[in-house]
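So the structure is just underneath, and the comments pick up after that.
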Amino acid sequence: MREQGIRTGCPPTVGGAGGELRNSGDGGSSWNGGSGAGGRGVRLKGDVHRGGSGAEPVRTPYRSTRRRSRHARTRLAVVTAGVALLGVLAPTPGHAVPASESGPRPGAPARFVPGPCPETPEPVPGRCGFLEVPENRARPGGRTVRLAVAIIPAVSAKPSADPVVFMAGGPGGDAFDDMQFVIGAGVNQDRDLIVMTQRGTLYAQPNLACPEIDRFYAESVGLRYDAASTGRRLVRATKQCRDRLAGEGVDLSAYNTTENAADFDDLRKALGIRRWNVYGYSYGTDLGLTYLRRHPQGIRSVAIDSVAPPRIVSLPWTWDSAQEGINTIFAACAAQPACRNRYPNLSRTLSQQVRRLEAHPLTVTAQPPAGGAPVKIVLDGGALVNLLVANAVPAVDVPAALDELAHGDPERFARARAAGATPVIGEFAHGLTQSVACSEWVPGYSQADLLAAGRRAFPGWPDSVLAQAPQLPFQHEACRVWNVPDRTPVQRVTTVSNVPALVLSGTFDAKTGARWGAYAARTLYRSTTVRIPGIGHWVVPQSPCAASVLTSFLTRPTPPDTRCVAGLTPKPFTIVPALEKS
C-alpha cells in the first residue's frame with residue numbers, strides 16, 4: 001500500500017521456497033483489534049486455499065512498496081523514512097480552483113490517444129499513448145487528466161486475446177518503474193500487458209508530486225522518528241504541497257480509488273477490449289477489489305498480491321500486519337536449529353532494543369547503500385520498527401542485525417536508515433497518497449484507537465512508538481491540513497464476486513499481513529489463496545513459484561496449478577559469529 005500502502009519500495013531480495021490445502025471462508029468484516037506479541041497460528045510452510053467458504057481469520061485492522069537505480073533511491077527513501085500520510089479530518093467538502101490556462105482542458109468523454117512513450121530510465125518495450133478522462137466525474141464540464149498508457153506485446157507468437165492490466169502499489173507509486181518486475185516475472189508470456197499510470201502519479205498530467213515532502217524525508221533520517229518537532233516539520237511540508245497543488249487548480253478530492261477504478265474501466269472501453277485480466281499488488285489490490293466491485297463487466301479474472309482489503313484498511317491495521325510479519329520471521333528462525341541456537345528469544349531482543357533506543361537514541365554516521373557521502377542518522381525505537389516493517393533490512397538478515405544491534409553494532413540498521421537521505425525529488429506522488437489515505441483509510445479511527453492497537457500488538461513497548469503507525473507517522477495532523485472529504489461510506493466496502501480470483505501473500509509481509517489475503521478471499525467465491533513462505537511484500541517478482549502459479553491462473557483460472565507451493569520453506573537465515581556486548 002505504502003502503503004502505505006500504505007506505499008511503497010523495491011521487491012526485497014528475500015527468497016522462500018510449503019503446502020496444505022484448506023478452504024477460505026466468508027462472513028462479516030468488523031474490526032476487533034489484534035492480540036498479543038506472541039503471534040497467532042504462524043505457518044512456516046506454504047499453503048493453498050480454494051473457494052469462498054470456511055473459517056475466517058481473526059479480524060483486526062492495515063499499506064505499499066518500490067527498485068535499484070535512481071528509482072531505487074526513491075523507493076528506499078520512501079520505505080525507510082515512512083512515506084504515506086494518513087489521518088483523520090473533518091468531512092469538509094473539497095473544491096476545485098479554476099483551471100489555469102496551461103492546465104488540463106475542460107472535461108470531455110474518455111478517449112485513448114496514441115502517442116510516444118514517456119522518457120523512462122529504461123525504454124518502454126511496447127507502444128504507448130495516453131488516456132484522457134474527467135478529473136472529477138461528479139462535476140460535468142470540469143477539467144480532464146491525462147494518464148500515460150503502455151501496451152507491452154506478449155512473448156508468445158500466438159498470444160491469447162485477453163490481455164493483463166497491471167495496477168501498481170502506493171498509492172503514489174510509478175507503474176512504469178514497476179513494469180520491469182512484472183515483465184521479469186513473465187506476466188506477458190502469453191498475453192499482452194497493459195500498464196497505465198494512476199491519476200496523479202509520475203507521467204500523468206497533473207502529477208501530484210510533492211518535492212516539499214521529499215525534502216522533508218531526506219532530512220528526517222537525522223531526526224527522531226516520532227518526536228513532536230519531526231511531526232511539525234512533516235505537517236508543514238504537507239501543507240506547502242497541498243497549497244501549491246490547490247493553487248494550480250487541482251481538485252484534490254478527485255484523486256481517490258473510486259475515480260481511479262473508473263479510469264481503468266474507461267481504458268478497457270477506449271481500447272476496445274472485450275475481456276481482460278487484472279493483476280495488482282499492495283494498494284493495487286485495494287484498487288483492484290474496488291474495480292471488481294464497481295465495474296465487474298469485462299473482467300475475466302483478478303489476481304491480487306499482498307492484499308489490502310478495502311473494507312479493512314485503516315491506521316490501526318498497520319500494527320496488526322506489523323505484528324504478523326515480524327513474528328513470522330522470528331518463528332521461522334526458531335524453526336531452523338542453527339538460527340534458533342544462535343539467536344534465541346528474538347522477540348525479547350527486539351522489545352529490549354525498541355525500549356533502549358526510544359529512551360536513548362543513537363546518533364551515528366552511515367553511508368547510504370546507493371553511495372554518496374556519509375550522512376548523520378538518528379536511530380530511535382520508532383525508526384527501528386519502521387525499518388523492520390519496510391523490509392529495509394532483508395528478512396534473512398534480521399536476526400543477525402538485531403543481535404549485532406544488541407551488542408553495540410548498529411551498522412545494518414544505520415545503513416538502511418541512511419537510504420532515506422537520497423530520494424529522487426519529485427518522483428513519488430505524495431499528493432495521491434494523501435488524497436487516498438486521508439479520505440479512505442484514516443477516518444473513523446482516533447489516535448487513541450491507534451495506540452490501543454499498538455499496545456495489543458506489542459505489549460510493553462513505549463507509547464511514543466505505538467502512537468505512530470509504522471511508515472505512517474503523524475497522519476491525523478497531516479490529514480487535517482490536506483483537508484479532503486471522508487469517503488469511507490463508499491470505499492470501506494466488502495467486495496463480493498464470482499469472478500475467478502487468485503490471492504497471493506508472503507508470510508514475511510509486515511505491511512499487508514498474509515492472513516488478510518484469506519480474509520479478502522472469503523467473499524471471492526471462485527478464489528484460490530496461496531501463501532508463499534519466506535517472502536515479504538509483493539510476492540510475484542520474488543518467487544518463481546508464485547510467478548508460475550500466476551501464469552497458470554491466467555491460462556486456466558479455475559483452478560490454477562499450485563503444485564510448486566508444497567514443500568516451500570523460508571531460506572536459511574544469516575548466521576554470524578557471536579559478538580561480545582560492548
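Chain lettering (A, B, ...) mirrors the order of the C-alpha cells, residue numbering begins at 1 for each chain separately, and ligand numbering begins at 1 in order of display.
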
Quiz item: Where in segment 353-453 of chain A does DSSP assign strand (DSSP E), given as JSON, numbers by chain?
Solution: {"A": [362, 363, 364, 365, 366, 375, 376, 377, 378, 379]}

Quiz item: Within 12 Å of Ile326 of chain A, counting only C-alpha atoms, which residues qualify if same-chain residues fewer than 6 places away don't, as a ChimeraX atom specification?
Solution: /A:37-40,42,319-320,332-333,346-347,350-351,385-391,394-396,398-399,457-458,507-514,534-536

Tell me, counting only C-alpha atoms, for each residue of segment 457-488 of chain A within 9 Å of segment 241-265 of chain A, which pair of atoms is nearest and how far apart they are in Å to one decimal, in rows ordered by chain and increasing number, as a tab-separated table.
residue	atom	partner	partner_atom	distance
A:Val481	CA	A:Arg242	CA	7.8
A:Trp482	CA	A:Arg242	CA	6.1
A:Asn483	CA	A:Ser253	CA	8.7
A:Val484	CA	A:Ser253	CA	5.5
A:Pro485	CA	A:Ser253	CA	6.8
A:Arg487	CA	A:Asn256	CA	8.7

Once you have the residues from the selection above, write them out as a CSV table (one decimal), in the first residue's frame, restricted to C-alpha atoms.
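Done, and the output landed in again.csv:
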chain,number,residue,atom,x,y,z
A,481,VAL,CA,-4.1,20.2,6.6
A,482,TRP,CA,-4.7,18.1,3.5
A,483,ASN,CA,-8.5,18.6,4.0
A,484,VAL,CA,-10.4,16.3,1.7
A,485,PRO,CA,-13.8,14.8,2.5
A,487,ARG,CA,-15.1,8.8,1.6

Exercise. Identify, with DSSP run on backbone atoms, the residues in segment 251-458 of chain A assigned to helix (DSSP H, G or I), and express the list as a ChimeraX atom specification.
Key: /A:252-254,257-270,283-294,315-334,337-342,346-359,381-389,395-406,411-421,430-441,447-457

Can you check which parts of segment 468-544 of chain A lie within 12 Å of segment 559-572 of chain A? Per residue, the shortest pair of atoms and distance in Å to one decimal, counting only C-alpha atoms, sorted by chain and number, as CSV.
residue,atom,partner,partner_atom,distance
A:Pro500,CA,A:Pro559,CA,8.7
A:Ala501,CA,A:Pro559,CA,9.6
A:Leu502,CA,A:Pro560,CA,8.5
A:Val503,CA,A:Pro560,CA,11.4
A:Leu504,CA,A:Thr562,CA,11.3
A:Gly506,CA,A:Pro570,CA,10.5
A:Thr507,CA,A:Pro570,CA,9.3
A:Phe508,CA,A:Pro570,CA,9.3
A:Arg526,CA,A:Pro559,CA,8.7
A:Ser527,CA,A:Pro559,CA,8.5
A:Thr528,CA,A:Pro559,CA,7.3
A:Thr529,CA,A:Thr562,CA,9.8
A:Val530,CA,A:Val565,CA,7.9
A:Arg531,CA,A:Val565,CA,8.1
A:Ile532,CA,A:Val565,CA,7.1
A:Pro533,CA,A:Pro570,CA,5.5
A:Gly534,CA,A:Pro570,CA,4.1
A:Ile535,CA,A:Pro570,CA,7.7
A:Gly536,CA,A:Pro570,CA,10.8
A:Ser543,CA,A:Val565,CA,10.3
A:Pro544,CA,A:Cys564,CA,9.2

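If only C-alpha atoms are the atoms counted, then among A:Ala421, A:Leu579, A:Ala429, A:Ala335 the closest residue to Asp409 of chain A is A:Leu579.
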